[in-house]
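Asks: My structure is in upload_22.cif, and what it holds is mmCIF, C-alpha atoms:
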```cif
data_work
loop_
_atom_site.label_atom_id
_atom_site.label_comp_id
_atom_site.auth_asym_id
_atom_site.auth_seq_id
_atom_site.Cartn_x
_atom_site.Cartn_y
_atom_site.Cartn_z
CA MET A 1 -46.62 -38.23 13.75
CA LYS A 2 -42.85 -38.25 13.73
CA PRO A 3 -41.36 -35.42 15.76
CA THR A 4 -39.39 -32.79 13.84
CA ALA A 5 -36.19 -31.14 14.93
CA ARG A 6 -38.01 -27.94 15.76
CA SER A 7 -40.59 -29.68 17.88
CA ILE A 8 -37.78 -31.46 19.72
CA ALA A 9 -36.08 -28.14 20.27
CA ALA A 10 -39.28 -26.60 21.59
CA ALA A 11 -39.72 -29.44 24.00
CA LEU A 12 -36.12 -29.05 25.17
CA VAL A 13 -36.59 -25.36 25.83
CA LEU A 14 -39.69 -26.12 27.87
CA ALA A 15 -37.90 -28.81 29.84
CA LEU A 16 -34.83 -26.73 30.70
CA CYS A 17 -36.81 -23.67 31.58
CA ALA A 18 -39.02 -25.67 33.89
CA LEU A 19 -36.02 -25.97 36.25
CA PRO A 20 -36.37 -23.79 39.36
CA THR A 21 -35.39 -20.30 38.35
CA PRO A 22 -36.64 -17.69 40.83
CA GLY A 23 -38.14 -14.77 39.07
CA TRP A 24 -38.01 -16.12 35.54
CA GLY A 25 -40.42 -18.12 33.42
CA PHE A 26 -41.98 -18.61 30.00
CA SER A 27 -45.63 -17.90 29.50
CA THR A 28 -46.70 -20.05 26.58
CA VAL A 29 -45.10 -22.11 23.89
CA SER A 30 -47.17 -23.70 21.12
CA ALA A 31 -46.40 -25.43 17.86
CA THR A 32 -48.62 -26.49 15.02
CA ASN A 33 -47.69 -28.72 12.18
CA VAL A 34 -49.85 -28.34 9.06
CA GLY A 35 -48.80 -30.54 6.19
CA ASN A 36 -45.11 -30.09 5.59
CA VAL A 37 -45.05 -26.65 7.23
CA ALA A 38 -44.44 -26.51 10.92
CA THR A 39 -45.13 -23.26 12.70
CA LEU A 40 -43.72 -22.58 16.10
CA THR A 41 -44.66 -19.57 18.14
CA ALA A 42 -43.39 -18.67 21.53
CA ASN A 43 -44.08 -15.84 23.96
CA LEU A 44 -41.87 -14.83 26.79
CA ASN A 45 -42.92 -12.91 29.83
CA PHE A 46 -40.35 -11.50 32.20
CA SER A 47 -40.64 -10.84 35.87
CA LEU A 48 -37.76 -9.82 38.04
CA VAL A 49 -37.76 -10.20 41.79
CA VAL A 50 -35.08 -8.20 43.56
CA PRO A 51 -34.53 -9.70 46.98
CA ARG A 52 -33.84 -7.73 50.10
CA PHE A 53 -30.15 -7.20 50.23
CA LEU A 54 -27.80 -5.88 52.84
CA LEU A 55 -24.02 -5.89 52.70
CA LEU A 56 -21.39 -4.58 55.04
CA ARG A 57 -17.71 -4.75 54.27
CA VAL A 58 -15.04 -3.55 56.68
CA GLY A 59 -11.62 -4.51 55.40
CA SER A 60 -10.85 -7.66 53.48
CA ILE A 61 -13.64 -9.82 52.11
CA GLY A 62 -14.08 -13.04 53.97
CA VAL A 63 -11.23 -12.32 56.39
CA ILE A 64 -11.18 -10.47 59.70
CA ASP A 65 -8.36 -7.94 59.35
CA SER A 66 -5.95 -7.47 62.22
CA ILE A 67 -4.49 -4.00 62.72
CA SER A 68 -1.36 -3.71 64.89
CA PHE A 69 0.23 -0.75 66.60
CA ASN A 70 3.88 -1.06 67.59
CA PRO A 71 5.27 2.00 69.38
CA THR A 72 9.00 2.09 69.96
CA ALA A 73 10.45 2.40 73.46
CA ALA A 74 11.19 6.06 72.73
CA GLN A 75 7.51 6.65 71.97
CA VAL A 76 6.17 5.15 75.20
CA GLY A 77 4.41 7.75 77.31
CA THR A 78 4.88 10.53 74.79
CA GLY A 79 1.40 10.64 73.24
CA ALA A 80 2.92 10.14 69.81
CA VAL A 81 0.46 9.08 67.11
CA ILE A 82 1.32 5.56 66.00
CA ALA A 83 0.20 4.50 62.54
CA GLY A 84 -1.21 1.02 62.29
CA THR A 85 -0.10 -1.86 60.15
CA GLY A 86 -2.50 -4.20 58.42
CA GLY A 87 -5.95 -3.66 56.96
CA ASP A 88 -6.81 -4.40 53.35
CA LEU A 89 -5.45 -0.99 52.30
CA GLY A 90 -2.35 -1.22 54.51
CA GLY A 91 -1.21 1.29 57.09
CA GLY A 92 -4.13 0.48 59.35
CA ALA A 93 -6.70 1.49 56.72
CA VAL A 94 -9.73 -0.52 55.67
CA THR A 95 -12.25 -0.36 52.88
CA VAL A 96 -15.80 0.19 54.09
CA LEU A 97 -18.84 -0.59 51.98
CA ALA A 98 -22.44 -0.43 53.14
CA GLN A 99 -25.27 -1.34 50.80
CA GLY A 100 -28.95 -2.00 51.34
CA ASN A 101 -32.23 -1.84 49.48
CA SER A 102 -35.04 -2.35 51.91
CA THR A 103 -37.66 0.26 52.69
CA GLY A 104 -36.77 0.94 56.28
CA THR A 105 -34.18 3.23 57.78
CA GLY A 106 -31.03 1.30 58.53
CA SER A 107 -28.25 1.95 60.98
CA LEU A 108 -24.56 1.16 61.26
CA VAL A 109 -23.20 0.55 64.73
CA TYR A 110 -20.15 -0.94 66.39
CA GLN A 111 -19.55 -2.69 69.65
CA THR A 112 -16.32 -3.69 71.29
CA THR A 113 -16.30 -7.31 72.33
CA THR A 114 -14.30 -6.60 75.48
CA ALA A 115 -14.38 -3.66 77.87
CA ALA A 116 -10.85 -2.69 76.88
CA LEU A 117 -7.86 -3.92 74.95
CA THR A 118 -6.34 -6.53 77.21
CA ASP A 119 -3.40 -8.87 77.60
CA GLY A 120 -5.51 -11.05 79.87
CA THR A 121 -4.61 -9.13 83.00
CA GLN A 122 -3.80 -5.53 82.19
CA THR A 123 -5.83 -3.26 79.98
CA ILE A 124 -5.58 -0.26 77.69
CA ALA A 125 -8.66 1.82 76.94
CA TRP A 126 -10.30 1.47 73.54
CA SER A 127 -10.33 5.26 73.33
CA THR A 128 -6.60 5.16 72.62
CA ILE A 129 -7.51 4.06 69.09
CA GLN A 130 -8.40 6.94 66.78
CA VAL A 131 -10.22 6.64 63.47
CA ALA A 132 -9.92 8.98 60.50
CA SER A 133 -12.65 8.76 57.86
CA ALA A 134 -12.59 9.54 54.16
CA GLY A 135 -15.29 9.02 51.56
CA SER A 136 -18.96 9.02 52.43
CA ALA A 137 -19.66 11.39 55.31
CA THR A 138 -22.80 9.42 56.07
CA ILE A 139 -20.74 6.56 57.41
CA ALA A 140 -17.95 8.64 58.92
CA HIS A 141 -16.57 6.83 61.95
CA PRO A 142 -16.46 8.54 65.37
CA ALA A 143 -13.02 10.05 65.89
CA ALA A 144 -12.05 7.52 68.52
CA LEU A 145 -13.32 4.17 69.68
CA SER A 146 -15.06 4.10 73.03
CA ASN A 147 -15.35 1.46 75.68
CA ALA A 148 -18.63 0.28 74.33
CA SER A 149 -18.93 -3.28 75.50
CA ALA A 150 -22.31 -2.63 77.13
CA THR A 151 -24.18 -0.95 74.31
CA PRO A 152 -23.57 -0.46 70.59
CA VAL A 153 -22.25 2.89 69.46
CA THR A 154 -24.04 4.44 66.50
CA ILE A 155 -22.00 5.40 63.48
CA SER A 156 -24.96 6.24 61.24
CA SER A 157 -28.68 5.96 61.82
CA GLY A 158 -30.08 7.51 58.65
CA LEU A 159 -29.59 4.85 56.02
CA ALA A 160 -33.02 5.07 54.41
CA GLY A 161 -34.23 3.01 51.47
CA VAL A 162 -31.64 2.13 48.88
CA PHE A 163 -28.11 3.12 49.82
CA ASN A 164 -24.67 2.32 48.46
CA LEU A 165 -21.96 4.03 50.50
CA SER A 166 -18.22 3.59 50.56
CA ALA A 167 -15.50 5.03 52.76
CA THR A 168 -12.03 4.45 54.09
CA TRP A 169 -11.38 4.20 57.80
CA THR A 170 -7.79 4.62 58.98
CA TYR A 171 -6.95 3.57 62.51
CA SER A 172 -4.11 5.01 64.61
CA TRP A 173 -3.11 4.77 68.25
CA SER A 174 -1.81 7.11 70.92
CA ASP A 175 -1.10 6.50 74.60
CA GLY A 176 -2.03 10.10 75.38
CA GLY A 177 1.09 10.48 77.49
CA THR A 178 0.34 7.47 79.67
CA VAL A 179 3.04 4.89 80.29
CA ASN A 180 1.38 1.51 79.83
CA PRO A 181 2.82 -1.78 81.08
CA ALA A 182 4.93 -3.59 78.52
CA SER A 183 2.80 -6.29 76.94
CA SER A 184 0.67 -7.18 73.93
CA TYR A 185 -2.93 -6.06 74.13
CA SER A 186 -5.67 -7.18 71.79
CA GLY A 187 -9.37 -6.76 71.19
CA ARG A 188 -12.06 -7.00 68.52
CA VAL A 189 -14.62 -4.54 67.24
CA ALA A 190 -17.82 -5.86 65.71
CA TYR A 191 -19.56 -3.66 63.17
CA SER A 192 -23.20 -4.29 62.37
CA LEU A 193 -25.40 -2.91 59.63
CA SER A 194 -29.14 -3.44 59.97
CA GLN A 195 -32.18 -2.31 58.03
CA PRO A 196 -35.83 -3.15 58.73
CA MET B 1 -28.77 -29.20 4.78
CA LYS B 2 -31.58 -30.56 6.96
CA LEU B 3 -29.11 -31.94 9.48
CA LYS B 4 -27.36 -28.57 9.64
CA THR B 5 -30.65 -26.79 10.30
CA GLN B 6 -31.60 -29.24 13.03
CA THR B 7 -28.24 -28.83 14.72
CA LYS B 8 -28.47 -25.04 14.58
CA THR B 9 -31.96 -25.08 16.03
CA LEU B 10 -30.91 -27.28 18.93
CA ALA B 11 -27.91 -25.08 19.65
CA VAL B 12 -30.04 -21.95 19.78
CA ALA B 13 -32.52 -23.64 22.07
CA LEU B 14 -29.83 -24.90 24.43
CA GLY B 15 -28.15 -21.52 24.44
CA ALA B 16 -31.36 -19.73 25.29
CA ALA B 17 -32.17 -22.14 28.08
CA PHE B 18 -28.74 -22.03 29.75
CA ALA B 19 -28.58 -18.27 29.34
CA LEU B 20 -31.74 -17.91 31.37
CA GLN B 21 -30.43 -20.26 34.03
CA GLY B 22 -27.23 -18.21 34.14
CA LEU B 23 -29.14 -15.00 34.88
CA SER B 24 -30.66 -16.53 37.95
CA THR B 25 -27.24 -17.65 39.27
CA ASN B 26 -25.68 -14.20 38.83
CA ALA B 27 -28.49 -12.60 40.74
CA LEU B 28 -27.51 -14.58 43.81
CA ALA B 29 -23.76 -14.07 43.60
CA GLU B 30 -23.62 -10.80 45.57
CA SER B 31 -25.44 -12.25 48.53
CA THR B 32 -22.37 -14.12 49.67
CA GLY B 33 -19.91 -12.73 52.19
CA ASN B 34 -20.66 -10.66 55.26
CA ILE B 35 -24.40 -10.89 55.19
CA THR B 36 -27.22 -12.51 57.02
CA ASN B 37 -30.69 -12.08 55.65
CA THR B 38 -33.64 -12.93 57.84
CA THR B 39 -37.01 -12.73 56.17
CA PRO B 40 -39.31 -11.37 57.35
CA GLY B 41 -37.89 -8.85 59.78
CA THR B 42 -34.76 -6.77 60.02
CA THR B 43 -31.84 -7.70 57.86
CA ALA B 44 -28.40 -7.47 59.42
CA ALA B 45 -24.86 -7.71 58.13
CA THR B 46 -21.78 -7.81 60.33
CA ALA B 47 -18.06 -7.32 59.96
CA HIS B 48 -15.20 -7.37 62.43
CA VAL B 49 -11.78 -5.79 62.90
CA ASP B 50 -9.15 -7.09 65.32
CA PHE B 51 -6.68 -4.75 67.01
CA VAL B 52 -3.31 -5.45 68.61
CA VAL B 53 -1.25 -2.92 70.55
CA VAL B 54 2.27 -4.00 71.44
CA ILE B 55 3.90 -1.94 74.21
CA PRO B 56 7.68 -2.49 74.43
CA LYS B 57 9.67 -2.42 77.65
CA PHE B 58 10.62 1.11 78.49
CA LEU B 59 12.86 2.71 81.11
CA SER B 60 13.79 6.36 81.35
CA LEU B 61 15.74 8.45 83.85
CA ARG B 62 16.25 12.16 83.63
CA VAL B 63 18.39 14.11 86.10
CA GLY B 64 18.75 17.67 84.90
CA THR B 65 18.70 18.55 81.23
CA GLY B 66 16.68 16.22 78.99
CA SER B 67 13.20 14.78 78.60
CA LEU B 68 11.38 11.62 79.52
CA ALA B 69 11.88 9.76 76.27
CA ALA B 70 14.60 11.50 74.31
CA ALA B 71 18.17 10.67 75.23
CA SER B 72 20.35 13.66 76.13
CA ALA B 73 24.14 13.75 76.27
CA THR B 74 24.19 16.86 78.39
CA ILE B 75 25.68 16.46 81.87
CA ASP B 76 24.68 19.35 84.10
CA SER B 77 27.39 20.96 86.21
CA ILE B 78 26.57 22.40 89.64
CA THR B 79 29.02 24.84 91.11
CA PHE B 80 29.24 25.94 94.74
CA THR B 81 31.26 29.06 95.35
CA GLU B 82 32.18 30.08 98.88
CA VAL B 83 33.22 33.63 99.50
CA ALA B 84 35.93 34.25 102.05
CA THR B 85 33.41 34.90 104.81
CA ASP B 86 31.74 31.53 104.17
CA VAL B 87 34.89 29.53 104.77
CA GLY B 88 34.55 27.46 107.92
CA SER B 89 31.16 29.01 108.68
CA ASN B 90 28.95 26.05 107.66
CA ASN B 91 26.88 28.52 105.70
CA VAL B 92 24.53 26.97 103.16
CA ILE B 93 25.98 27.61 99.74
CA THR B 94 23.32 27.47 97.06
CA GLY B 95 23.95 25.30 94.05
CA SER B 96 21.22 24.40 91.60
CA ALA B 97 17.94 22.55 91.37
CA LEU B 98 17.50 19.79 88.83
CA THR B 99 14.42 18.19 87.37
CA VAL B 100 14.28 14.46 88.06
CA ALA B 101 11.98 12.14 86.14
CA ALA B 102 11.85 8.39 86.19
CA ALA B 103 9.51 6.11 84.28
CA GLY B 104 9.31 2.43 83.45
CA ASN B 105 6.75 -0.18 82.46
CA SER B 106 8.21 -3.58 83.22
CA SER B 107 6.82 -5.86 85.91
CA GLY B 108 9.53 -5.61 88.57
CA ALA B 109 10.29 -3.02 91.24
CA ALA B 110 12.59 -0.29 89.98
CA LYS B 111 15.18 1.67 91.93
CA ILE B 112 17.57 4.56 91.45
CA THR B 113 21.12 4.18 92.68
CA TYR B 114 24.16 6.42 92.46
CA THR B 115 27.92 6.07 92.34
CA THR B 116 30.48 8.81 92.93
CA THR B 117 33.11 9.02 90.22
CA ASP B 118 35.58 11.28 88.55
CA ALA B 119 35.01 12.71 85.09
CA ALA B 120 36.30 9.51 83.51
CA GLY B 121 33.89 7.33 85.45
CA ALA B 122 36.42 5.92 87.91
CA ALA B 123 35.36 5.60 91.52
CA LEU B 124 36.07 8.77 93.48
CA ALA B 125 36.01 8.72 97.27
CA ALA B 126 35.82 12.48 97.66
CA LEU B 127 35.67 15.71 95.71
CA SER B 128 39.21 16.46 94.66
CA ASP B 129 41.25 19.24 93.15
CA GLY B 130 43.95 16.73 92.32
CA THR B 131 45.70 17.10 95.63
CA ASN B 132 43.27 18.04 98.35
CA THR B 133 39.84 16.53 98.96
CA ILE B 134 36.48 17.46 100.41
CA PRO B 135 34.07 14.70 101.46
CA TRP B 136 30.99 14.08 99.36
CA SER B 137 28.86 14.52 102.47
CA THR B 138 29.34 18.28 102.27
CA ILE B 139 26.84 18.25 99.41
CA LYS B 140 23.27 18.20 100.69
CA VAL B 141 20.24 17.26 98.62
CA ALA B 142 16.64 18.32 99.19
CA ASN B 143 13.73 16.74 97.31
CA GLY B 144 10.06 17.46 96.76
CA GLY B 145 8.82 14.28 98.37
CA VAL B 146 8.05 12.31 95.21
CA ILE B 147 11.43 10.81 94.42
CA ALA B 148 13.39 10.73 97.63
CA HIS B 149 17.11 11.41 97.75
CA PRO B 150 19.40 10.87 100.76
CA ALA B 151 19.87 14.16 102.58
CA ALA B 152 23.55 14.21 101.78
CA LEU B 153 25.81 12.52 99.26
CA ALA B 154 28.34 9.95 100.37
CA ASN B 155 31.25 8.08 98.95
CA ALA B 156 29.00 5.70 97.03
CA ALA B 157 29.13 2.73 94.77
CA GLY B 158 25.60 1.77 93.89
CA THR B 159 23.92 3.38 96.86
CA THR B 160 20.13 3.28 96.63
CA VAL B 161 18.49 6.65 96.21
CA ALA B 162 14.82 5.74 95.72
CA THR B 163 12.65 2.73 95.03
CA PHE B 164 9.39 2.40 93.12
CA ALA B 165 6.46 0.02 93.36
CA ALA B 166 6.52 -2.88 90.93
CA GLY B 167 5.10 -2.31 87.49
CA VAL B 168 4.44 0.95 85.72
CA PHE B 169 5.77 4.11 87.30
CA ASN B 170 6.14 7.63 86.01
CA SER B 171 7.38 10.07 88.62
CA SER B 172 9.05 13.44 88.63
CA ASP B 173 10.51 15.66 91.30
CA THR B 174 13.11 18.34 91.91
CA TRP B 175 16.40 17.73 93.63
CA THR B 176 18.10 20.83 95.03
CA TYR B 177 21.82 20.66 95.78
CA THR B 178 23.58 22.83 98.36
CA PHE B 179 27.00 22.81 100.00
CA GLN B 180 28.01 23.15 103.64
CA ASP B 181 31.58 22.88 104.92
CA GLY B 182 30.38 21.77 108.36
CA GLY B 183 32.60 24.37 110.01
CA THR B 184 35.70 22.93 108.47
CA VAL B 185 38.20 25.16 106.75
CA TYR B 186 39.22 23.42 103.56
CA ALA B 187 42.28 24.26 101.59
CA ALA B 188 41.83 26.82 98.87
CA SER B 189 41.37 24.79 95.72
CA ALA B 190 43.85 24.64 92.93
CA GLY B 191 42.93 24.91 89.30
CA THR B 192 39.21 24.64 88.55
CA GLY B 193 38.25 23.61 92.08
CA TYR B 194 37.22 20.41 93.80
CA LEU B 195 35.56 18.21 91.21
CA GLY B 196 33.54 15.08 91.21
CA ARG B 197 30.69 13.43 89.36
CA VAL B 198 27.64 11.51 90.53
CA ALA B 199 26.32 8.86 88.20
CA TYR B 200 22.66 7.99 88.75
CA SER B 201 21.27 4.73 87.47
CA LEU B 202 17.70 3.45 87.15
CA THR B 203 17.06 -0.30 86.92
CA GLN B 204 13.91 -2.39 86.72
CA PRO B 205 13.77 -6.17 86.54
#
```
Represent the structure contained in this file as structure tokens.

Replies:
Amino acid sequence: MKPTARSIAAALVLALCALPTPGWGFSTVSATNVGNVATLTANLNFSLVVPRFLLLRVGSIGVIDSISFNPTAAQVGTGAVIAGTGGDLGGGAVTVLAQGNSTGTGSLVYQTTTAALTDGTQTIAWSTIQVASAGSATIAHPAALSNASATPVTISSGLAGVFNLSATWTYSWSDGGTVNPASSYSGRVAYSLSQP
Amino acid sequence: MKLKTQTKTLAVALGAAFALQGLSTNALAESTGNITNTTPGTTAATAHVDFVVVIPKFLSLRVGTGSLAAASATIDSITFTEVATDVGSNNVITGSALTVAAAGNSSGAAKITYTTTDAAGAALAALSDGTNTIPWSTIKVANGGVIAHPAALANAAGTTVATFAAGVFNSSDTWTYTFQDGGTVYAASAGTGYLGRVAYSLTQP
């Protein structure tokens, strides 16, 4: 029997849909051809598999933001609050997004990768960096960073089930009245979101 | 007509097939970025922020009116007034006490020096009323032990007052100025009295 256009089409649908497509598939497809009348029936079953998903964004996507504080000479040792520069929102502010959908209770923590901001020789305490939070109170940042190189510091420990939280963290700096040696000090903070 | 129907049927079939493939691709798109997904077990996502604090070189000296960081144009004036019975007696004539503060954050060792001048900044060997003079050494200086000052002034041009350890320093003290004539009877001053200025300077390499 010579194949008809519809039977060719049915075969094509079957072939393309046989490609690996997680979570999707056709149940049955059948065609009968009686005389000059071809009858094609198809049934489609759907199943959707939502994978475990966890996302943490702090600042720009795909880029580690660098936030700088540049006090003037007149501000050294005065305890003046110095606004930052940089961050995806500018002015030392970053976008924060935490999303997850597992069943366990997740937590958001941070850990400084060095004991203090350092120029390689001299140091400035992490606690000189303050953080103001806006948006979701669940992921409000502690008011100041701490010298947390040994153990992670918890920001939030009650992220149960499905959550989708956003906030803005704005970093500033103050020497607290201490005169620090002239130099450029740097350091990195690693944020981690986990959910069982 | 038949060809048109066949073409339409194929187009619908292709469209349906690619549409279903497209759904599967979109479902994966959000899993890119700052995420690691270990299955089974705890999922974890990480993000980082870098910080840089730039501290500029800073040097501040306050003697009298002013503050550590803000510049002040005020020059304090200390007046010693002998009464007739003090003349030639070597009595201690009280002047004033001044706050002294010095701070810096460079790497070298800082020091305070002073130079005696007139009101215009020219070197001045002694206090003068324009005609007569009184030696600078009649002015005594007491300190609180933090920032030392020589016990008496002298005809000076860059004389060292105090030194500080290398690196960051932030010290304050009080210098108290008095006058003693040393038993000498000086000429009654003309005009506004015997005048002179001391210019203090703080340097750090």

Asks: Using all atoms listed in the file for the distances, tell me which of A:Val94, A:Ile129, A:Leu56, A:Ala190 is nearest to A:Thr151.

Replies: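 Comparing A:Val94, A:Ile129, A:Leu56, A:Ala190 against A:Thr151, the winner is A:Ala190.
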
Asks: Considering all atoms listed in the file, can you say which of A:Gly106, A:Gly135, A:Gly92, A:Pro181 comes closest to chain B?

Replies: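 Once distances to chain B are computed over all atoms listed in the file, the minimum belongs to A:Pro181.
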
Asks: What residues have an atom no more than 9 Å from (-9.2, -6.3, 73.7) in the file's own frame, counting only C-alpha atoms, and can you write them as number ranges by chain?

Replies: A: 112-120, 123-126, 185-189; B: 50-52

Asks: With C-alpha atoms kept, could you save the residues just selected as a PDB file, in the coordinates of the input?

Replies:
```
ATOM      1  CA  THR A 112     -16.320  -3.690  71.290  1.00  0.00           C
ATOM      2  CA  THR A 113     -16.300  -7.310  72.330  1.00  0.00           C
ATOM      3  CA  THR A 114     -14.300  -6.600  75.480  1.00  0.00           C
ATOM      4  CA  ALA A 115     -14.380  -3.660  77.870  1.00  0.00           C
ATOM      5  CA  ALA A 116     -10.850  -2.690  76.880  1.00  0.00           C
ATOM      6  CA  LEU A 117      -7.860  -3.920  74.950  1.00  0.00           C
ATOM      7  CA  THR A 118      -6.340  -6.530  77.210  1.00  0.00           C
ATOM      8  CA  ASP A 119      -3.400  -8.870  77.600  1.00  0.00           C
ATOM      9  CA  GLY A 120      -5.510 -11.050  79.870  1.00  0.00           C
ATOM     10  CA  THR A 123      -5.830  -3.260  79.980  1.00  0.00           C
ATOM     11  CA  ILE A 124      -5.580  -0.260  77.690  1.00  0.00           C
ATOM     12  CA  ALA A 125      -8.660   1.820  76.940  1.00  0.00           C
ATOM     13  CA  TRP A 126     -10.300   1.470  73.540  1.00  0.00           C
ATOM     14  CA  TYR A 185      -2.930  -6.060  74.130  1.00  0.00           C
ATOM     15  CA  SER A 186      -5.670  -7.180  71.790  1.00  0.00           C
ATOM     16  CA  GLY A 187      -9.370  -6.760  71.190  1.00  0.00           C
ATOM     17  CA  ARG A 188     -12.060  -7.000  68.520  1.00  0.00           C
ATOM     18  CA  VAL A 189     -14.620  -4.540  67.240  1.00  0.00           C
TER      19      VAL A 189
ATOM     20  CA  ASP B  50      -9.150  -7.090  65.320  1.00  0.00           C
ATOM     21  CA  PHE B  51      -6.680  -4.750  67.010  1.00  0.00           C
ATOM     22  CA  VAL B  52      -3.310  -5.450  68.610  1.00  0.00           C
TER      23      VAL B  52
END
```

Asks: Select all residues near (31.4, 25.8, 97.2) (cut-off 12 Å, inclusive, file coordinates), counting only C-alpha atoms, and output them as JSON, numbers by chain.

Replies: {"B": [78, 79, 80, 81, 82, 83, 84, 86, 87, 88, 89, 90, 91, 92, 93, 94, 95, 96, 127, 134, 136, 138, 139, 140, 177, 178, 179, 180, 181, 182, 185, 186, 187, 188, 189, 192, 193, 194, 195]}

Asks: Mind dumping a table of every chain A residue within 7 Å of chain B, with the nearest atom pair and its distance in Å to one decimal, using all atoms listed in the file, sorted by chain and rising number, as CSV?

Replies:
```
residue,atom,partner,partner_atom,distance
A:Ala5,CA,B:Gln6,CA,5.3
A:Arg6,CA,B:Thr9,CA,6.7
A:Ala9,CA,B:Leu10,CA,5.4
A:Val13,CA,B:Ala13,CA,5.8
A:Leu16,CA,B:Ala17,CA,5.9
A:Cys17,CA,B:Ala17,CA,6.0
A:Thr21,CA,B:Ser24,CA,6.1
A:Pro22,CA,B:Ser24,CA,6.7
A:Leu54,CA,B:Ala45,CA,6.3
A:Leu55,CA,B:Ile35,CA,5.6
A:Leu56,CA,B:Ala45,CA,5.6
A:Arg57,CA,B:Ala47,CA,6.3
A:Val58,CA,B:Ala47,CA,5.8
A:Ile61,CA,B:Gly33,CA,6.9
A:Gly62,CA,B:Gly33,CA,6.1
A:Ile64,CA,B:Val49,CA,5.7
A:Asp65,CA,B:Val49,CA,5.4
A:Ser66,CA,B:Asp50,CA,4.5
A:Ile67,CA,B:Phe51,CA,4.9
A:Ser68,CA,B:Val52,CA,4.5
A:Phe69,CA,B:Val53,CA,4.7
A:Asn70,CA,B:Val54,CA,5.1
A:Pro71,CA,B:Ile55,CA,6.4
A:Thr72,CA,B:Pro56,CA,6.5
A:Ala73,CA,B:Phe58,CA,5.2
A:Ala74,CA,B:Ala69,CA,5.2
A:Gln75,CA,B:Ala69,CA,6.9
A:Val76,CA,B:Phe58,CA,6.9
A:Val179,CA,B:Asn105,CA,6.6
A:Asn180,CA,B:Asn105,CA,6.2
A:Pro181,CA,B:Asn105,CA,4.5
A:Ala182,CA,B:Ile55,CA,4.7
A:Ser183,CA,B:Ile55,CA,5.3
A:Ser184,CA,B:Val54,CA,4.3
A:Tyr185,CA,B:Val53,CA,5.0
A:Ser186,CA,B:Val52,CA,4.3
A:Gly187,CA,B:Phe51,CA,5.4
A:Arg188,CA,B:Asp50,CA,4.3
A:Val189,CA,B:Val49,CA,5.3
A:Ala190,CA,B:His48,CA,4.5
A:Tyr191,CA,B:Ala47,CA,5.1
A:Ser192,CA,B:Thr46,CA,4.3
A:Leu193,CA,B:Ala45,CA,5.1
A:Ser194,CA,B:Ala44,CA,4.1
A:Gln195,CA,B:Thr43,CA,5.4
A:Pro196,CA,B:Thr42,CA,4.0
```

Asks: Could you work out how far atom CA of B:Thr85 lies from atom CA of B:Asn155, giving the answer in Å with one decimal?

Replies: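 These two atoms are separated by 27.5 Å.
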
Asks: One number please: atom CA of B:Val63 to atom CA of B:Ala101, in Å, one decimal.

Replies: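 Value for the atom CA of B:Val63-atom CA of B:Ala101 distance: 6.7 Å.
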
Asks: Could you tell me how far atom CA of B:Thr176 lies from atom CA of B:Ser77, in Å and to one decimal?

Replies: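 Separating atom CA of B:Thr176 from atom CA of B:Ser77 is a distance of 12.8 Å.
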
Asks: Would you kindly translate the PyMOL selection byres ((chain B and resi 142-147) around 6) into the concrete residues it picks from this file, as an MDAnalysis selection string?

Replies: chainID B and resid 141 148 173:176

Asks: Would you output that residue set with C-alpha atoms, as a PDB file, in the frame of the given file?

Replies:
```pdb
ATOM      1  CA  VAL B 141      20.240  17.260  98.620  1.00  0.00           C
ATOM      2  CA  ALA B 148      13.390  10.730  97.630  1.00  0.00           C
ATOM      3  CA  ASP B 173      10.510  15.660  91.300  1.00  0.00           C
ATOM      4  CA  THR B 174      13.110  18.340  91.910  1.00  0.00           C
ATOM      5  CA  TRP B 175      16.400  17.730  93.630  1.00  0.00           C
ATOM      6  CA  THR B 176      18.100  20.830  95.030  1.00  0.00           C
TER       7      THR B 176
END
```

Asks: Kindly resolve the PyMOL selection byres ((chain A and resi 163-171) around 9) on the present coordinates and return the residues as a ChimeraX atom specification.

Replies: /A:58,67,83-84,87,89,91-101,129-141,144,159-162,172-173

Asks: Go ahead and write the selection's residues with C-alpha atoms as a short mmCIF file (atom, residue, chain, number, x, y, z; two decimals), in the coordinates of the input.

Replies:
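again.cif was written with the following content:
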```cif
data_model
loop_
_atom_site.label_atom_id
_atom_site.label_comp_id
_atom_site.auth_asym_id
_atom_site.auth_seq_id
_atom_site.Cartn_x
_atom_site.Cartn_y
_atom_site.Cartn_z
CA VAL A 58 -15.04 -3.55 56.68
CA ILE A 67 -4.49 -4.00 62.72
CA ALA A 83 0.20 4.50 62.54
CA GLY A 84 -1.21 1.02 62.29
CA GLY A 87 -5.95 -3.66 56.96
CA LEU A 89 -5.45 -0.99 52.30
CA GLY A 91 -1.21 1.29 57.09
CA GLY A 92 -4.13 0.48 59.35
CA ALA A 93 -6.70 1.49 56.72
CA VAL A 94 -9.73 -0.52 55.67
CA THR A 95 -12.25 -0.36 52.88
CA VAL A 96 -15.80 0.19 54.09
CA LEU A 97 -18.84 -0.59 51.98
CA ALA A 98 -22.44 -0.43 53.14
CA GLN A 99 -25.27 -1.34 50.80
CA GLY A 100 -28.95 -2.00 51.34
CA ASN A 101 -32.23 -1.84 49.48
CA ILE A 129 -7.51 4.06 69.09
CA GLN A 130 -8.40 6.94 66.78
CA VAL A 131 -10.22 6.64 63.47
CA ALA A 132 -9.92 8.98 60.50
CA SER A 133 -12.65 8.76 57.86
CA ALA A 134 -12.59 9.54 54.16
CA GLY A 135 -15.29 9.02 51.56
CA SER A 136 -18.96 9.02 52.43
CA ALA A 137 -19.66 11.39 55.31
CA THR A 138 -22.80 9.42 56.07
CA ILE A 139 -20.74 6.56 57.41
CA ALA A 140 -17.95 8.64 58.92
CA HIS A 141 -16.57 6.83 61.95
CA ALA A 144 -12.05 7.52 68.52
CA LEU A 159 -29.59 4.85 56.02
CA ALA A 160 -33.02 5.07 54.41
CA GLY A 161 -34.23 3.01 51.47
CA VAL A 162 -31.64 2.13 48.88
CA SER A 172 -4.11 5.01 64.61
CA TRP A 173 -3.11 4.77 68.25
#
```
